Structures are given as C-alpha cells and as structure tokens.
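Peer 1: So here's my_file26.csv (CSV, C-alpha atoms and all ligand atoms).
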```
chain,number,residue,atom,x,y,z
A,995,MET,CA,100.7,95.1,149.4
A,996,ILE,CA,99.2,95.1,145.9
A,997,ALA,CA,100.0,92.3,143.5
A,998,ILE,CA,99.6,92.6,139.8
A,999,ALA,CA,99.3,89.4,137.8
A,1000,GLY,CA,100.5,89.7,134.2
A,1001,ALA,CA,103.6,91.6,133.2
A,1002,GLY,CA,102.4,92.7,129.8
A,1003,ALA,CA,101.9,96.4,128.8
A,1004,PHE,CA,99.0,97.1,131.2
A,1005,GLY,CA,100.2,95.2,134.2
A,1006,THR,CA,103.7,96.7,133.9
A,1007,ALA,CA,102.2,100.2,133.5
A,1008,LEU,CA,100.0,99.9,136.6
A,1009,ALA,CA,103.0,98.6,138.6
A,1010,ILE,CA,105.1,101.6,137.5
A,1011,ALA,CA,102.3,104.1,138.3
A,1012,LEU,CA,101.7,102.7,141.8
A,1013,GLY,CA,105.3,102.1,142.4
A,1014,ARG,CA,106.2,105.7,141.5
A,1015,GLU,CA,104.0,106.7,144.4
A,1016,GLY,CA,105.9,104.5,146.8
A,1017,ARG,CA,103.1,101.9,147.2
A,1018,ALA,CA,104.1,98.4,148.0
A,1019,VAL,CA,103.7,96.6,144.7
A,1020,SER,CA,104.7,93.1,143.3
A,1021,LEU,CA,104.5,92.4,139.6
A,1022,TRP,CA,104.0,88.7,138.9
A,1023,ALA,CA,104.9,87.2,135.5
A,1024,ARG,CA,104.8,83.6,134.3
A,1025,ASP,CA,108.3,84.1,133.0
A,1026,VAL,CA,110.2,87.0,134.7
A,1027,GLY,CA,113.2,86.7,132.2
A,1028,ASP,CA,115.6,89.5,132.9
A,1029,LEU,CA,112.8,91.9,134.0
A,1030,ALA,CA,114.0,92.0,137.6
A,1031,LYS,CA,117.6,92.6,136.5
A,1032,THR,CA,117.1,95.2,133.8
A,1033,ARG,CA,114.0,96.9,135.4
A,1034,ARG,CA,112.7,97.3,131.8
A,1035,ASN,CA,110.0,95.5,129.9
A,1036,GLU,CA,111.3,96.1,126.4
A,1037,ARG,CA,108.8,93.6,124.7
A,1038,TYR,CA,105.6,95.1,126.0
A,1039,LEU,CA,106.4,98.5,127.3
A,1040,PRO,CA,109.7,99.8,125.8
A,1041,GLY,CA,111.6,102.7,127.2
A,1042,VAL,CA,110.2,102.9,130.7
A,1043,MET,CA,112.0,102.0,133.9
A,1044,ILE,CA,110.2,99.9,136.6
A,1045,PRO,CA,110.8,101.7,140.0
A,1046,ASP,CA,113.1,99.8,142.4
A,1047,CYS,CA,110.3,99.5,145.0
A,1048,VAL,CA,108.3,97.2,142.6
A,1049,THR,CA,109.2,93.6,143.3
A,1050,VAL,CA,109.2,91.4,140.2
A,1051,THR,CA,108.5,87.7,140.7
A,1052,ALA,CA,107.3,84.4,139.1
A,1053,ASP,CA,106.5,82.9,142.5
A,1054,SER,CA,102.7,82.5,142.7
A,1055,ASP,CA,102.9,82.0,146.5
A,1056,LEU,CA,102.9,85.8,146.5
A,1057,PHE,CA,99.1,85.7,145.9
A,1058,SER,CA,98.4,84.1,149.2
A,1059,SER,CA,100.1,86.9,151.1
A,1060,VAL,CA,98.5,90.1,149.6
A,1061,ALA,CA,95.2,91.9,150.1
A,1062,VAL,CA,94.6,93.1,146.6
A,1063,ILE,CA,95.4,91.4,143.3
A,1064,LEU,CA,95.0,93.2,139.9
A,1065,LEU,CA,94.4,90.6,137.2
A,1066,ALA,CA,96.1,92.0,134.0
A,1067,VAL,CA,96.3,88.9,131.8
A,1068,PRO,CA,94.4,89.0,128.5
A,1069,MET,CA,90.7,88.0,128.6
A,1070,GLN,CA,91.1,84.6,126.8
A,1071,ALA,CA,93.9,83.7,129.3
A,1072,LEU,CA,92.0,84.6,132.4
A,1073,ALA,CA,90.1,81.4,133.0
A,1074,GLY,CA,93.3,79.3,132.5
A,1075,PHE,CA,95.2,81.6,134.9
A,1076,LEU,CA,92.5,81.2,137.5
A,1077,LYS,CA,92.4,77.4,137.1
A,1078,LEU,CA,96.2,77.3,137.9
A,1079,HIS,CA,96.3,79.9,140.7
A,1080,GLY,CA,92.7,80.3,141.9
A,1081,ASP,CA,93.2,78.5,145.2
A,1082,LYS,CA,95.8,81.1,146.2
A,1083,LEU,CA,93.6,84.0,145.1
A,1084,GLN,CA,90.5,82.9,147.0
A,1085,GLY,CA,89.4,85.5,149.5
A,1086,ARG,CA,91.6,88.3,148.2
A,1087,SER,CA,90.2,91.4,146.7
A,1088,LEU,CA,90.4,90.7,142.9
A,1089,VAL,CA,90.4,93.5,140.3
A,1090,ALA,CA,89.8,92.5,136.7
A,1091,CYS,CA,91.9,94.6,134.3
A,1092,CYS,CA,91.1,92.9,131.1
A,1093,LYS,CA,88.5,93.8,128.5
A,1094,GLY,CA,86.5,91.2,126.6
A,1095,ILE,CA,84.2,88.2,126.8
A,1096,ASP,CA,85.5,84.6,127.4
A,1097,LEU,CA,84.9,82.6,124.2
A,1098,GLN,CA,84.4,79.3,126.0
A,1099,THR,CA,81.7,80.5,128.4
A,1100,TRP,CA,80.6,83.8,126.9
A,1101,LEU,CA,81.1,85.4,130.4
A,1102,GLY,CA,82.8,88.7,131.1
A,1103,PRO,CA,85.8,89.0,133.4
A,1104,SER,CA,83.9,89.6,136.7
A,1105,ALA,CA,81.8,86.4,136.2
A,1106,VAL,CA,84.8,84.3,135.2
A,1107,ILE,CA,86.6,85.4,138.4
A,1108,ARG,CA,83.5,84.9,140.6
A,1109,ALA,CA,83.1,81.4,139.2
A,1110,ALA,CA,86.7,80.5,140.1
A,1111,CYS,CA,87.0,82.5,143.4
A,1112,PRO,CA,83.5,82.7,144.9
A,1113,GLU,CA,84.8,84.0,148.3
A,1114,SER,CA,86.6,87.0,146.7
A,1115,PRO,CA,85.2,90.5,146.4
A,1116,VAL,CA,85.5,91.3,142.6
A,1117,SER,CA,85.8,94.7,140.9
A,1118,VAL,CA,86.6,95.9,137.4
A,1119,LEU,CA,89.2,98.5,136.4
A,1120,THR,CA,88.5,99.8,132.9
A,1121,GLY,CA,88.3,103.0,130.9
A,1122,PRO,CA,90.4,105.0,128.4
A,1123,SER,CA,94.1,104.5,129.1
A,1124,PHE,CA,97.0,103.4,127.0
A,1125,ALA,CA,99.6,101.6,129.0
A,1126,ALA,CA,102.3,103.8,127.6
A,1127,ASP,CA,100.5,106.9,128.8
A,1128,ILE,CA,100.0,105.6,132.3
A,1129,ALA,CA,103.6,104.5,132.5
A,1130,ARG,CA,104.8,108.0,131.5
A,1131,GLY,CA,102.6,109.5,134.2
A,1132,LEU,CA,100.3,111.3,131.8
A,1133,PRO,CA,96.9,112.3,133.3
A,1134,THR,CA,94.4,109.4,133.0
A,1135,ALA,CA,90.9,108.7,134.3
A,1136,LEU,CA,89.5,105.2,134.8
A,1137,THR,CA,86.4,103.6,136.2
A,1138,LEU,CA,86.6,101.2,139.1
A,1139,ALA,CA,83.3,99.3,139.1
A,1140,GLY,CA,82.3,97.3,142.1
A,1141,GLY,CA,85.1,98.5,144.3
A,1142,ASP,CA,84.8,100.4,147.6
A,1143,GLU,CA,86.3,103.8,148.6
A,1144,PRO,CA,89.4,102.3,150.3
A,1145,LEU,CA,90.2,100.4,147.1
A,1146,GLN,CA,89.6,103.5,145.0
A,1147,SER,CA,92.1,105.5,147.1
A,1148,ARG,CA,94.6,102.6,147.1
A,1149,LEU,CA,94.7,102.4,143.3
A,1150,SER,CA,94.4,106.2,142.5
A,1151,THR,CA,97.5,108.4,142.1
A,1152,PRO,CA,98.0,112.1,141.3
A,1153,THR,CA,98.0,111.2,137.6
A,1154,LEU,CA,95.7,108.1,137.6
A,1155,ARG,CA,92.2,109.2,138.7
A,1156,LEU,CA,89.7,106.5,139.5
A,1157,TYR,CA,85.9,107.1,139.5
A,1158,ARG,CA,83.8,104.6,141.4
A,1159,SER,CA,80.7,102.9,139.9
A,1160,THR,CA,78.3,100.2,141.1
A,1161,ASP,CA,77.5,99.1,137.5
A,1162,VAL,CA,80.0,96.2,137.0
A,1163,ILE,CA,78.1,94.8,133.9
A,1164,GLY,CA,78.0,98.2,132.2
A,1165,ALA,CA,81.6,99.0,132.9
A,1166,GLU,CA,83.0,95.7,131.6
A,1167,LEU,CA,80.7,95.5,128.6
A,1168,GLY,CA,81.6,99.0,127.6
A,1169,GLY,CA,85.3,98.1,127.7
A,1170,ALA,CA,84.7,94.9,125.7
A,1171,LEU,CA,82.4,96.2,123.1
A,1172,LYS,CA,84.3,99.4,122.2
A,1173,ASN,CA,87.2,97.2,121.1
A,1174,VAL,CA,85.0,95.7,118.3
A,1175,ILE,CA,84.1,99.2,117.2
A,1176,ALA,CA,87.7,100.2,117.3
A,1177,ILE,CA,88.6,97.5,114.8
A,1178,ALA,CA,85.7,98.7,112.6
A,1179,ALA,CA,87.1,102.3,112.8
A,1180,GLY,CA,90.5,101.0,111.9
A,1181,VAL,CA,89.0,99.3,108.9
A,1182,VAL,CA,87.3,102.5,107.8
A,1183,MET,CA,90.5,104.5,108.0
A,1184,GLY,CA,92.7,101.8,106.5
A,1185,ALA,CA,90.3,101.4,103.5
A,1186,GLY,CA,90.4,105.2,103.0
A,1187,LEU,CA,86.6,105.7,103.6
A,1188,GLY,CA,87.2,109.0,105.4
A,1189,ASP,CA,86.6,110.9,108.6
A,1190,SER,CA,82.9,111.3,108.0
A,1191,ALA,CA,82.5,107.5,107.7
A,1192,ARG,CA,84.4,107.0,110.9
A,1193,ALA,CA,82.2,109.4,112.8
A,1194,ALA,CA,79.1,107.6,111.5
A,1195,LEU,CA,80.6,104.3,112.4
A,1196,MET,CA,81.5,105.4,115.9
A,1197,THR,CA,78.0,106.8,116.5
A,1198,ARG,CA,76.2,103.8,115.1
A,1199,GLY,CA,78.7,101.6,116.9
A,1200,PHE,CA,77.9,103.3,120.2
A,1201,ALA,CA,74.2,102.7,119.5
A,1202,GLU,CA,75.0,99.1,119.1
A,1203,MET,CA,77.1,99.0,122.3
A,1204,GLN,CA,74.2,100.5,124.2
A,1205,ARG,CA,71.6,98.1,122.7
A,1206,PHE,CA,73.6,95.1,123.7
A,1207,ALA,CA,74.7,96.3,127.2
A,1208,LEU,CA,71.3,97.5,128.2
A,1209,ALA,CA,69.8,94.2,127.2
A,1210,LYS,CA,72.3,92.6,129.6
A,1211,GLY,CA,71.4,94.8,132.5
A,1212,ALA,CA,73.8,97.7,132.1
A,1213,ARG,CA,72.9,101.3,132.9
A,1214,ALA,CA,72.8,103.8,130.0
A,1215,GLU,CA,74.9,106.4,132.0
A,1216,THR,CA,77.7,103.9,132.4
A,1217,LEU,CA,77.9,103.4,128.7
A,1218,ALA,CA,78.0,107.2,128.3
A,1219,GLY,CA,80.9,107.4,130.8
A,1220,LEU,CA,84.7,106.6,130.8
A,1221,SER,CA,84.3,102.9,130.4
A,1222,GLY,CA,82.0,103.2,127.3
A,1223,PHE,CA,82.0,106.4,125.3
A,1224,GLY,CA,85.4,107.5,126.8
A,1225,ASP,CA,87.2,104.4,125.7
A,1226,LEU,CA,85.4,104.2,122.4
A,1227,VAL,CA,86.7,107.7,121.5
A,1228,LEU,CA,90.2,106.8,122.5
A,1229,THR,CA,90.6,103.6,120.6
A,1230,CYS,CA,88.7,104.6,117.5
A,1231,THR,CA,90.9,107.7,117.0
A,1232,SER,CA,94.4,106.6,118.0
A,1233,ASN,CA,97.0,104.5,116.2
A,1234,GLN,CA,98.2,103.5,119.6
A,1235,SER,CA,95.3,101.1,119.8
A,1236,ARG,CA,96.0,97.6,118.8
A,1237,ASN,CA,92.4,97.0,117.9
A,1238,PHE,CA,92.4,100.0,115.7
A,1239,ARG,CA,95.7,98.9,114.1
A,1240,LEU,CA,94.3,95.4,113.3
A,1241,GLY,CA,91.3,97.0,111.6
A,1242,HIS,CA,93.6,99.4,109.7
A,1243,ALA,CA,95.6,96.4,108.4
A,1244,ILE,CA,92.4,94.7,107.3
A,1245,GLY,CA,91.3,97.9,105.6
A,1246,GLN,CA,94.6,98.2,103.8
A,1247,GLY,CA,94.8,94.4,103.0
A,1248,THR,CA,98.1,94.0,104.8
A,1249,SER,CA,99.2,91.5,107.4
A,1250,PHE,CA,99.1,91.9,111.2
A,1251,ASP,CA,101.3,90.2,113.8
A,1252,PRO,CA,99.1,87.4,115.2
A,1253,THR,CA,100.9,87.4,118.6
A,1254,VAL,CA,99.7,91.0,119.5
A,1255,THR,CA,96.9,91.0,122.0
A,1256,VAL,CA,93.8,92.3,120.2
A,1257,GLU,CA,90.8,91.7,122.5
A,1258,GLY,CA,88.2,92.9,120.0
A,1259,ALA,CA,88.5,89.9,117.6
A,1260,ALA,CA,87.4,87.3,120.1
A,1261,THR,CA,84.9,89.7,121.6
A,1262,ALA,CA,83.3,90.2,118.2
A,1263,ARG,CA,82.9,86.5,117.8
A,1264,ALA,CA,81.4,86.1,121.2
A,1265,VAL,CA,79.1,89.1,121.0
A,1266,ALA,CA,77.9,88.2,117.5
A,1267,ALA,CA,77.0,84.7,118.7
A,1268,LEU,CA,75.3,86.0,121.9
A,1269,ALA,CA,73.4,88.7,119.9
A,1270,SER,CA,72.1,86.3,117.4
A,1271,ARG,CA,71.0,83.9,120.1
A,1272,ASP,CA,69.2,86.7,122.0
A,1273,GLY,CA,67.8,88.5,119.0
A,1274,ILE,CA,69.8,91.8,119.5
A,1275,ASP,CA,70.6,93.7,116.3
A,1276,MET,CA,74.4,94.1,116.0
A,1277,PRO,CA,75.2,94.7,112.4
A,1278,ILE,CA,78.6,96.2,112.8
A,1279,THR,CA,79.8,93.6,115.3
A,1280,ARG,CA,78.5,90.8,113.0
A,1281,MET,CA,80.5,92.3,110.1
A,1282,ILE,CA,83.6,92.6,112.2
A,1283,ALA,CA,83.3,89.0,113.4
A,1284,ALA,CA,83.0,87.8,109.8
A,1285,LEU,CA,85.8,90.1,108.6
A,1286,VAL,CA,88.4,89.0,111.2
A,1287,ASP,CA,87.6,85.4,110.4
A,1288,GLY,CA,88.0,86.1,106.7
A,1289,LYS,CA,84.4,85.0,106.0
A,1290,ILE,CA,83.4,88.2,104.1
A,1291,GLN,CA,85.2,90.6,101.7
A,1292,LEU,CA,85.6,94.2,102.9
A,1293,SER,CA,83.6,95.5,99.9
A,1294,ASP,CA,80.7,93.2,100.6
A,1295,ALA,CA,80.7,94.2,104.3
A,1296,ILE,CA,80.5,97.9,103.4
A,1297,GLN,CA,77.8,97.2,100.8
A,1298,ALA,CA,75.8,95.2,103.4
A,1299,LEU,CA,76.0,97.9,106.0
A,1300,MET,CA,75.1,100.7,103.7
A,1301,THR,CA,72.1,98.9,102.1
A,1302,ARG,CA,70.3,97.9,105.3
A,1303,PRO,CA,66.7,99.1,105.3
A,1304,LEU,CA,66.4,102.8,106.0
A,1305,LYS,CA,65.1,103.5,109.5
A,1306,GLU,CA,64.8,106.1,112.3
A,1307,GLU,CA,67.9,107.0,114.2
W,1401,LIG,N1,97.8,97.8,126.8
W,1401,LIG,C1,96.9,98.8,127.2
W,1401,LIG,O1,97.0,99.9,126.9
W,1401,LIG,C2,95.7,98.4,128.0
W,1401,LIG,C3,95.3,97.0,128.1
W,1401,LIG,N2,94.2,96.7,128.8
W,1401,LIG,C4,93.7,95.4,128.9
W,1401,LIG,O2,94.6,94.6,129.7
W,1401,LIG,C5,94.6,93.3,129.3
W,1401,LIG,C6,96.0,92.8,129.1
W,1401,LIG,O3,96.5,93.5,128.0
W,1401,LIG,P1,98.0,93.9,127.8
W,1401,LIG,O4,98.8,94.0,129.1
W,1401,LIG,O5,98.0,95.1,127.0
W,1401,LIG,O6,98.5,92.7,127.0
W,1401,LIG,P2,100.0,92.3,126.5
W,1401,LIG,O7,99.9,91.5,125.3
W,1401,LIG,O8,100.9,93.5,126.6
W,1401,LIG,O9,100.5,91.4,127.7
W,1401,LIG,C7,99.8,90.2,128.1
W,1401,LIG,C8,100.6,89.6,129.2
W,1401,LIG,O10,99.9,88.5,129.8
W,1401,LIG,C9,100.7,87.4,129.9
W,1401,LIG,N3,99.9,86.2,129.8
W,1401,LIG,C10,99.3,85.7,128.8
W,1401,LIG,N4,98.6,84.5,129.1
W,1401,LIG,C11,98.9,84.3,130.4
W,1401,LIG,C12,98.6,83.3,131.3
W,1401,LIG,N5,97.8,82.3,131.0
W,1401,LIG,N6,99.1,83.4,132.6
W,1401,LIG,C13,99.9,84.4,132.9
W,1401,LIG,N7,100.2,85.4,132.1
W,1401,LIG,C14,99.7,85.4,130.9
W,1401,LIG,C15,101.7,87.5,128.7
W,1401,LIG,O11,102.9,86.8,129.0
W,1401,LIG,C16,102.0,89.0,128.8
W,1401,LIG,O12,102.9,89.3,129.7
W,1401,LIG,C17,93.8,93.2,128.0
W,1401,LIG,O13,92.5,92.7,128.3
W,1401,LIG,C18,93.7,94.6,127.6
W,1401,LIG,O14,92.5,94.9,126.9
W,1401,LIG,C19,93.4,97.7,129.4
W,1401,LIG,C20,93.8,99.0,129.3
W,1401,LIG,C21,94.9,99.4,128.6
W,1402,LIG,O1,91.9,99.5,126.0
W,1402,LIG,C1,92.8,100.2,125.7
W,1402,LIG,C2,92.8,101.6,125.9
W,1402,LIG,O2,91.8,102.0,126.9
W,1402,LIG,C3,93.9,99.7,124.9
W,1402,LIG,O3,93.5,99.5,123.6
W,1402,LIG,P1,94.1,98.4,122.6
W,1402,LIG,O4,93.9,97.1,123.3
W,1402,LIG,O5,93.3,98.5,121.4
W,1402,LIG,O6,95.5,98.7,122.4
```
Take the structure I supplied and represent it as structure tokens, if you would.
Ligand SMILES: NC(=O)C1=CN([C@@H]2O[C@H](COP(=O)(O)OP(=O)(O)OC[C@H]3O[C@@H](n4cnc5c(N)ncnc54)[C@H](O)[C@@H]3O)[C@@H](O)[C@H]2O)C=CC1
Ligand SMILES: O=C(CO)COP(=O)(O)O

Peer 2:
Amino acid sequence: MIAIAGAGAFGTALAIALGREGRAVSLWARDVGDLAKTRRNERYLPGVMIPDCVTVTADSDLFSSVAVILLAVPMQALAGFLKLHGDKLQGRSLVACCKGIDLQTWLGPSAVIRAACPESPVSVLTGPSFAADIARGLPTALTLAGGDEPLQSRLSTPTLRLYRSTDVIGAELGGALKNVIAIAAGVVMGAGLGDSARAALMTRGFAEMQRFALAKGARAETLAGLSGFGDLVLTCTSNQSRNFRLGHAIGQGTSFDPTVTVEGAATARAVAALASRDGIDMPITRMIAALVDGKIQLSDAIQALMTRPLKEE
C-alpha cells in the first residue's frame, strides 16, 4: 500500500496516476471535506475524477500501516507536518515530493525528513510535471533520487516514467532553484521584455543554479537532467506554472492570489541568504528575493542586472 500525504494538486494527481493502474493507494488530507464522496478535488485539480480504488482519509493512523509514503505537502509546511505525524512515519520509506528550501533551517526536503525520521529511507521525486498533465495521463518523466529499483517500479506507470539517480542533493536543488528562475522568466514576459530576454535569463539562471548546486555537492549532470534543466524549461515557458504566473503578475504590476502555493518565493529568500553567507554569486536570485518582498522596483532590478561588470560566459 502506498500512502500520499497532502491532497493538493500534486498529491491528488499522483494518487490518480497510481490508482488508475490499480495500485493500492490511500490519499491523506488534513481535511477530507467532500473529497471521498464526490471523488473530485475541484479546488486544486478541477475536472478529474479520483479512481474508486483510491482511499481518501484524514486518519493519520494510516501512516503506521503502509510501506511507502509520498510527502506532497508544500515545502514550508513539511517540518510542521512531520512534527505532528513523524512518529507514525518513522521506519517507512519516505518520498519527498516538494520543491524548495525550508526557511527556518535552510534545509532541503530530504534533510528535513531525515531530521524528523532518522530511521526511514528517504528519496526525492522531482522533475518536470504539471499535476494536471499527470492526472490526465499525459506522458511524463521524473527523477527518483535516492530510491531503489523496487521503489522506482512501484511508482512508475505506463505514462509516468521514473529515472533513478543517486544524487539526492542535485535533484532536490534543481527542483528548488528552477522555481526562482521561473518567477524571473514570468517577470520578463509580464514586463514585455521579449523572448530573447527570457532565453538569456533562463541560460544565466541555469548557470546560477549550477554554481549554487555544485557548491553544495551536487553533480553537474544531475542539473543538466530532468530535475534541473528539464524542470527549468517547463516552468519558464508555461503559463501553467504558478511560479511563472507570480512573476508575470509582478512584471505586469498586477496582484496575485497569496493563497496559491508558489515555492520559488521562499526559496529565493533562503537561497539569497545562503549564497550571501557562502559567497556564491547569485544575482538573479538576489533580485527575485528583493522583488517578491517589494524591496526593489522592477526597473531598478533590470538596470542592476544589465549593468553588472562585463565578463566571460
Ligand atoms: N502542482 C504541481 O504541478 C506540482 C507540484 N509539485 C510540488 O508539490 C508540492 C505541493 O504542491 P501542490 O500539491 O501543487 O500544492 P497545492 O497548493 O495544490 O496543495 C497543497 C496541499 O497541502 C496541504 N497542506 C498544506 N499545509 C499542510 C500541512 N501542514 N499538513 C497537511 N497538509 C497540508 C493543503 O491543504 C493542500 O491540500 C510543492 O512543493 C510543489 O512544488 C511538484 C511537481 C508538480
Ligand atoms: O514544479 C512544477 C512542475 O514541474 C510545478 O510548477 P509550479 O509550482 O510553478 O506550478
């Protein structure tokens, strides 16, 4: 039995994808509401039915009785979730599905989970995939970092193809950092700076992602894979991305619903702080952290990025 903790867009989509294959799946939510009755998650994943074989529950005793638990709560909620339920998760195989860095501890998802559940094997599921695409059964490829072959098979389906990696740090940093660059790409498009500017931003953003991740022990080829480059391309080029849409709103000077999960905003703050502590040059991330916190005007941010000293690529 696989449990999925968190019935937002991603958790629900994974439950649907695995349930469609007839796998035994339970979807856990803090508040089940009428999810179990309607078999629809209209708030987070409208228009898709949850297969009957997926059990929907708010009973956390579920966690004590399953072998594998996918943790699909947002990054900034992960530590709080583990504080409440960590004892029931201890010893189970735990798969982090969130992308980001915890603002309180500056740790990534795997380290946050290890700190709470030291007896559990921990892996990370990340890569380019919009929940709506997974739920519709469209072809998707993801990285499972730190997981073994049986777990890879267990979580793969004919439309959800998982590649294994041993580089947990690289996979989770790629997924976290690309969200910051996706906000920046949204800003560029929202402000009408053009496709050429976005291509430049994505490329220099990728250089920045690599600089930071390699300094933290990641492997360059992981950053060039699904969890880094792949997810960067997806979220910088699609209006489906919430990070891109937040950036677009900033670029246009319009408001954005603060209840929507946008992992890149907190990640920008955490990475900007870490980079400044560790002396890693992250000009785009620094600008995005300042922009989302309203500490700099967009015109000043663009001016600052374009007038940096000229250098080799
Ligand atoms: N939506 C997507 O397309 C994808 C999302 N992800 C990642 O998955 C993670 C979750 O994102 P989404 O599902 O999209 O977010 P969402 O905003 O759709 O849903 C978040 C869910 O977490 C629940 N939640 C929040 N705090 C909680 C807590 N303390 N305890 C229990 N439940 C809590 C909410 O009630 C909600 O059901 C994020 O890190 C995101 O980057 C990864 C790949 C794709
Ligand atoms: O991570 C994602 C796709 O891989 C989802 O992106 P957003 O969180 O920007 O919507």

Peer 1: Once you count all atoms listed in the file, what closest atom pair and distance in Å to one decimal does each residue of chain A within 8 Å of ligand LIG 1402 (chain W) have, with rows by chain and rising residue number, as a Markdown table?

Peer 2:
```
| residue | atom | partner | partner_atom | distance |
| --- | --- | --- | --- | --- |
| A:Lys1093 | CA | W:LIG1402 | O1 | 7.1 |
| A:Thr1120 | CA | W:LIG1402 | O2 | 7.2 |
| A:Gly1121 | CA | W:LIG1402 | O2 | 5.4 |
| A:Pro1122 | CA | W:LIG1402 | O2 | 3.6 |
| A:Ser1123 | CA | W:LIG1402 | O2 | 4.0 |
| A:Phe1124 | CA | W:LIG1402 | C2 | 4.7 |
| A:Ala1125 | CA | W:LIG1402 | C3 | 7.3 |
| A:Gly1169 | CA | W:LIG1402 | O1 | 7.0 |
| A:Asn1173 | CA | W:LIG1402 | O5 | 6.2 |
| A:Ala1176 | CA | W:LIG1402 | O5 | 7.1 |
| A:Asp1225 | CA | W:LIG1402 | O2 | 5.3 |
| A:Leu1228 | CA | W:LIG1402 | O2 | 6.7 |
| A:Thr1229 | CA | W:LIG1402 | O5 | 5.8 |
| A:Gln1234 | CA | W:LIG1402 | O6 | 6.2 |
| A:Ser1235 | CA | W:LIG1402 | O6 | 3.5 |
| A:Arg1236 | CA | W:LIG1402 | O6 | 3.8 |
| A:Asn1237 | CA | W:LIG1402 | O5 | 3.9 |
| A:Phe1238 | CA | W:LIG1402 | O5 | 6.0 |
| A:Arg1239 | CA | W:LIG1402 | O5 | 7.7 |
| A:Thr1255 | CA | W:LIG1402 | O4 | 6.9 |
| A:Val1256 | CA | W:LIG1402 | O4 | 5.7 |
| A:Glu1257 | CA | W:LIG1402 | O4 | 6.3 |
| A:Gly1258 | CA | W:LIG1402 | O5 | 7.7 |
```

Peer 1: Here is a test: counting all atoms listed in the file, which residue of A:Val1118, A:Ala1267, A:Cys1092, A:Ala1201 is nearest to Glu1307 in chain A?

Peer 2: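 Residue with the minimum atom-to-atom distance to Glu1307 in chain A: A:Ala1201.
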
Peer 1: Name all residues at most 12 Å from Ile1177 in chain A (count all atoms listed in the file; drop same-chain ones fewer than 3 positions away) and give them as a ChimeraX atom specification.

Peer 2: /A:1170-1174,1180-1184,1192,1195-1196,1199,1226,1229-1233,1235-1245,1256-1262,1278-1279,1281-1283,1285-1286

Peer 1: Collect all residues with atoms no farther than 6 Å from ligand LIG 1401 (chain W), counting only C-alpha atoms and all ligand atoms, and output them as an MDAnalysis selection string.

Peer 2: chainID A and resid 1000:1005 1024 1038 1066:1069 1071 1074:1075 1091:1093 1123:1125 1254:1255 1257

Peer 1: May I ask for the distance between CA of Thr1160 in chain A and CA of Gly1141 in chain A, given in Å to one decimal place?

Peer 2: 7.7 Å

Peer 1: To one decimal in Å, tell me the separation between CA of Asp1055 in chain A and CA of Lys1082 in chain A.

Peer 2: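 The value is 7.2 Å.
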
Peer 1: Mind checking which residues fall within 8 Å of Ile1274 in chain A, counting all atoms listed in the file, ignoring those fewer than 4 positions away in the same chain, and posting them as number ranges by chain?

Peer 2: A: 1205-1206, 1269-1270

Peer 1: Any chance you can output those residues with C-alpha atoms as a tab-separated table (two decimals), in the frame of the given file?

Peer 2:
```
chain	number	residue	atom	x	y	z
A	1205	ARG	CA	71.60	98.10	122.70
A	1206	PHE	CA	73.60	95.10	123.70
A	1269	ALA	CA	73.40	88.70	119.90
A	1270	SER	CA	72.10	86.30	117.40
```

Peer 1: Record the distance separating CA of Leu1167 in chain A and CA of Ser1190 in chain A, expressed in Å with one decimal.

Peer 2: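 If I compute the distance from CA of Leu1167 in chain A to CA of Ser1190 in chain A, I get 26.1 Å.
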
Peer 1: Give me the residues within 12 Å of Pro1112 in chain A as a PDB file with C-alpha atoms, keeping the file's coordinate frame, counting all atoms listed in the file and dropping any in the same chain fewer than 3 places off.

Peer 2:
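Final output, saved to out12.pdb:
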```pdb
ATOM      1  CA  LEU A1076      92.500  81.200 137.500  1.00  0.00           C
ATOM      2  CA  GLY A1080      92.700  80.300 141.900  1.00  0.00           C
ATOM      3  CA  ASP A1081      93.200  78.500 145.200  1.00  0.00           C
ATOM      4  CA  LEU A1083      93.600  84.000 145.100  1.00  0.00           C
ATOM      5  CA  GLN A1084      90.500  82.900 147.000  1.00  0.00           C
ATOM      6  CA  GLY A1085      89.400  85.500 149.500  1.00  0.00           C
ATOM      7  CA  ARG A1086      91.600  88.300 148.200  1.00  0.00           C
ATOM      8  CA  SER A1087      90.200  91.400 146.700  1.00  0.00           C
ATOM      9  CA  LEU A1088      90.400  90.700 142.900  1.00  0.00           C
ATOM     10  CA  SER A1104      83.900  89.600 136.700  1.00  0.00           C
ATOM     11  CA  ALA A1105      81.800  86.400 136.200  1.00  0.00           C
ATOM     12  CA  VAL A1106      84.800  84.300 135.200  1.00  0.00           C
ATOM     13  CA  ILE A1107      86.600  85.400 138.400  1.00  0.00           C
ATOM     14  CA  ARG A1108      83.500  84.900 140.600  1.00  0.00           C
ATOM     15  CA  ALA A1109      83.100  81.400 139.200  1.00  0.00           C
ATOM     16  CA  PRO A1115      85.200  90.500 146.400  1.00  0.00           C
ATOM     17  CA  VAL A1116      85.500  91.300 142.600  1.00  0.00           C
TER      18      VAL A1116
END
```

Peer 1: Between A:Pro1045, A:Pro1144, A:Gly1188, A:Gly1211, which residue has the minimum interatomic distance to Ser1020 in chain A, considering all atoms listed in the file?

Peer 2: A:Pro1045

Peer 1: Find, counting only C-alpha atoms, the residue in A:Thr1137, A:Asp1028, A:Ala1023, A:Glu1306 that gets nearest to Thr1051 in chain A.

Peer 2: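 That would be A:Ala1023, the residue with the smallest distance to Thr1051 in chain A.
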
Peer 1: List the neighbours of Val1042 in chain A out to 10 Å using all atoms listed in the file; skip same-chain residues closer than 4 positions along the sequence, and give me the result as a ChimeraX atom specification.

Peer 2: /A:1006-1007,1010,1033-1036,1126,1129-1130

Peer 1: Please determine, counting all atoms listed in the file, which residue among A:Val1089, A:Ile1128, A:Val1026, A:Val1060 has the shortest atom-to-atom distance to Gly1013 in chain A.

Peer 2: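 Nearest candidate to Gly1013 in chain A out of A:Val1089, A:Ile1128, A:Val1026, A:Val1060: A:Ile1128.
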
Peer 1: Would you mind telling me which residue in A:Gly1247, A:Gly1131, A:Pro1040, A:Pro1277 lies nearest to Ala1011 in chain A when using only C-alpha atoms?

Peer 2: A:Gly1131

Peer 1: I'd like the neighbourhood of Arg1155 in chain A as number ranges by chain, where a residue qualifies if any of its atoms comes within 10 Å (using all atoms listed in the file), though same-chain residues fewer than 3 positions away should be ignored.

Peer 2: A: 1133-1138, 1146-1147, 1149-1152, 1158

Peer 1: Output C-alpha atoms for every residue in that selection, as a PDB file, keeping the file's coordinate frame.

Peer 2:
```pdb
ATOM      1  CA  PRO A1133      96.900 112.300 133.300  1.00  0.00           C
ATOM      2  CA  THR A1134      94.400 109.400 133.000  1.00  0.00           C
ATOM      3  CA  ALA A1135      90.900 108.700 134.300  1.00  0.00           C
ATOM      4  CA  LEU A1136      89.500 105.200 134.800  1.00  0.00           C
ATOM      5  CA  THR A1137      86.400 103.600 136.200  1.00  0.00           C
ATOM      6  CA  LEU A1138      86.600 101.200 139.100  1.00  0.00           C
ATOM      7  CA  GLN A1146      89.600 103.500 145.000  1.00  0.00           C
ATOM      8  CA  SER A1147      92.100 105.500 147.100  1.00  0.00           C
ATOM      9  CA  LEU A1149      94.700 102.400 143.300  1.00  0.00           C
ATOM     10  CA  SER A1150      94.400 106.200 142.500  1.00  0.00           C
ATOM     11  CA  THR A1151      97.500 108.400 142.100  1.00  0.00           C
ATOM     12  CA  PRO A1152      98.000 112.100 141.300  1.00  0.00           C
ATOM     13  CA  ARG A1158      83.800 104.600 141.400  1.00  0.00           C
TER      14      ARG A1158
END
```
